[in-house]
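All remarks here apply to the structure that follows.
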Amino acid sequence: MPGPFVALPPDATPISDVDEEIFLLYTGLNQARTKLTGPDGYRGLGHVDSRKDVLTINLGLSEDATETLQQSRIAPKQKRPKEKKSIEIEIEIAQDKTALRSRRGDTGSVVWRASIEFCRAVLHQYFFPSGSAVFDYSRLSECNCLELGAGTGLLGIALSPLFRAYTTTDIAALLPLIRKNMTLNPQPKYGVVGSQCMNLTVEELDWLTLASLPPGPTRTRYCPSPRVGVSSTPDKDDIWDLILAVDCIYHPSLLRPLVDTIEALSTPGRTWAFVVVELRQEDVIREFLNLWLTLEGWVITRTEGLLDENYAVWAGHRIPPEPTV
């Protein structure tokens, strides 16, 4: 079992009033310094470019100017400021333009902005550590991560090396696209895994199907378990430490199944859930938060500073129940 791997600021306050949270989020959005636009010049729904069959995503990472300045102050005898380090990570992602337009309710067959921005932010903190990092990366390497609504599989390809085990999930129709993108991109050389072991697996997980199954063996078998390496046998440490849901909040009919899925796959006292969303439909986000907050035992906190005002990032921790006397 890993130690604490989420590092929220000491002054972070759990959400207790959804209306207040929505007001603060959309006030910040109206004052955002960066206005999001798509390839056609309009903001759109949030996909990067649904007109292309393949996207080349360059996650250019570099030290912030403030970080470089702090380093130069630590070493005042240097004759000249230390040059900023930079790291280039390029990922090829195939999209299914036809499915987006012809398959009802399909939104996962193209790349969305929130996935790229979250991916870039997490890797930036990994390569250039600072006191404001959201994760303790030395402990993240001991964690099992489950991604919901993975779509094209971008996050799993980029972030799986940081974890002990990473399972990317979506509906059955999208799994071939995820697997195709895995073959397009060799295992990254960074992280604890490097090129020695493939810790990224792909499994079907339909929130509606899970919601329809009664508690019992059938439901348990349907739920993914952590797997390490090429073996198809679930790992002995079959608890999810982190559940990721990035830009999965879009259709009101899926909000309850999404919340129920997070609940079903989490373990009190251990599991954290990170939910990332681009701020679009205010009423849909409000309903999602209301549903999540009604679940017993969850403490949900907004994580500020990881992404800009166009997005919201919530960290939810499922605390263990009070012992009965």
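Every chain in the structure tokens takes a letter, A first, then B, and so on in the order presented; its residues are numbered from 1, and the ligands are numbered from 1 following the presented order.
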Could you pull out the alpha helix (DSSP H) residues of segment 136-296 of chain A from DSSP and send them as a VMD selection string?
-> chain A and resid 137 to 140 154 to 159 175 to 184 207 to 212 217 to 222 255 to 264 282 to 293
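Close contacts of Gly28 of chain A, defined as residues with an atom at most 9 Å away when counting only C-alpha atoms, with chain neighbours fewer than 5 positions off set aside, comprise A:Phe23, A:Glu309, A:Asn310.
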For N, CA and C atoms, I'd like the residues from the last selection saved as a compact mmCIF listing (two decimals), in the first residue's frame.
```
# COMPACT_ATOMS: atom_id res chain seq x y z
N PHE A 23 -20.48 29.42 -8.71
CA PHE A 23 -20.32 30.87 -8.84
C PHE A 23 -18.84 31.25 -8.95
N GLU A 309 -8.09 29.04 -15.67
CA GLU A 309 -9.48 29.28 -15.27
C GLU A 309 -10.51 28.68 -16.22
N ASN A 310 -10.07 28.15 -17.35
CA ASN A 310 -11.01 27.52 -18.27
C ASN A 310 -11.40 26.11 -17.83
```
Within 6 Å of segment 134-148 of chain A: each segment 218-270 of chain A residue with its shortest pair, only C-alpha atoms, as CSV:
```
residue,atom,partner,partner_atom,distance
A:Trp240,CA,A:Asn144,CA,5.2
A:Asp241,CA,A:Asn144,CA,5.3
A:Leu242,CA,A:Cys145,CA,4.7
A:Ile243,CA,A:Leu146,CA,4.8
A:Leu244,CA,A:Glu147,CA,4.6
A:Ala245,CA,A:Leu148,CA,5.1
```
Selection near Arg302 of chain A, 7 Å with only C-alpha atoms, sequence-local residues under 2 positions removed, as a PyMOL selection string = chain A and resi 300+304+313-315
Resulting file, chosen residues, C-alpha atoms, as an mmCIF file, in the first residue's frame:
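Output below, filename again_34.cif:
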```cif
data_model
loop_
_atom_site.group_PDB
_atom_site.id
_atom_site.type_symbol
_atom_site.label_atom_id
_atom_site.label_comp_id
_atom_site.auth_asym_id
_atom_site.auth_seq_id
_atom_site.Cartn_x
_atom_site.Cartn_y
_atom_site.Cartn_z
ATOM 1 C CA ILE A 300 -14.089 16.810 -2.431
ATOM 2 C CA GLU A 304 -6.184 25.206 -7.974
ATOM 3 C CA VAL A 313 -9.957 20.027 -11.234
ATOM 4 C CA TRP A 314 -11.500 18.306 -8.211
ATOM 5 C CA ALA A 315 -9.759 15.839 -5.943
#
```
Find the residues near Ile171 of chain A: any atom within 6 Å, counting only C-alpha atoms, skip ones fewer than 4 places away on the same chain, and give them as a PyMOL selection string.
-> chain A and resi 204-206
Could you take the residues named above and write them with N, CA and C atoms, as a PDB file, in the first residue's frame?
```
ATOM      1  N   GLU A 204     -12.682  -2.898 -21.207  1.00  0.00           N
ATOM      2  CA  GLU A 204     -14.013  -2.315 -21.384  1.00  0.00           C
ATOM      3  C   GLU A 204     -14.603  -1.947 -20.029  1.00  0.00           C
ATOM      4  N   LEU A 205     -15.190  -0.784 -19.959  1.00  0.00           N
ATOM      5  CA  LEU A 205     -15.955  -0.390 -18.777  1.00  0.00           C
ATOM      6  C   LEU A 205     -17.026   0.601 -19.221  1.00  0.00           C
ATOM      7  N   ASP A 206     -18.236   0.115 -19.310  1.00  0.00           N
ATOM      8  CA  ASP A 206     -19.395   0.925 -19.684  1.00  0.00           C
ATOM      9  C   ASP A 206     -20.142   1.277 -18.400  1.00  0.00           C
TER      10      ASP A 206
END
```
Write down as a PyMOL selection string the residues of segment 87-325 of chain A whose backbone DSSP state falls under strand (DSSP E or B).
-> chain A and resi 87+90-94+112+135+144-148+165-170+200-204+242-246+272-278+298-302+311-318
Contacts of segment 86-92 of chain A within 12 Å, only C-alpha atoms, excl. fewer than 3 positions in-chain, as a PyMOL selection string | chain A and resi 52-65+68+83+95+111+116+119-120+123-124+126-128+152-159+178+180-190
Would you list the contacts of Leu291 of chain A as a VMD selection string, taking every protein, DNA or RNA residue within 8 Å and counting only C-alpha atoms, but skipping same-chain residues closer than 5 positions in sequence?
-> chain A and resid 255 to 256 259
Taking into account only C-alpha atoms, which residue in the set A:Ala32, A:Leu162, A:Leu175, A:Thr301 is nearest to Val122 of chain A?
-> A:Leu162
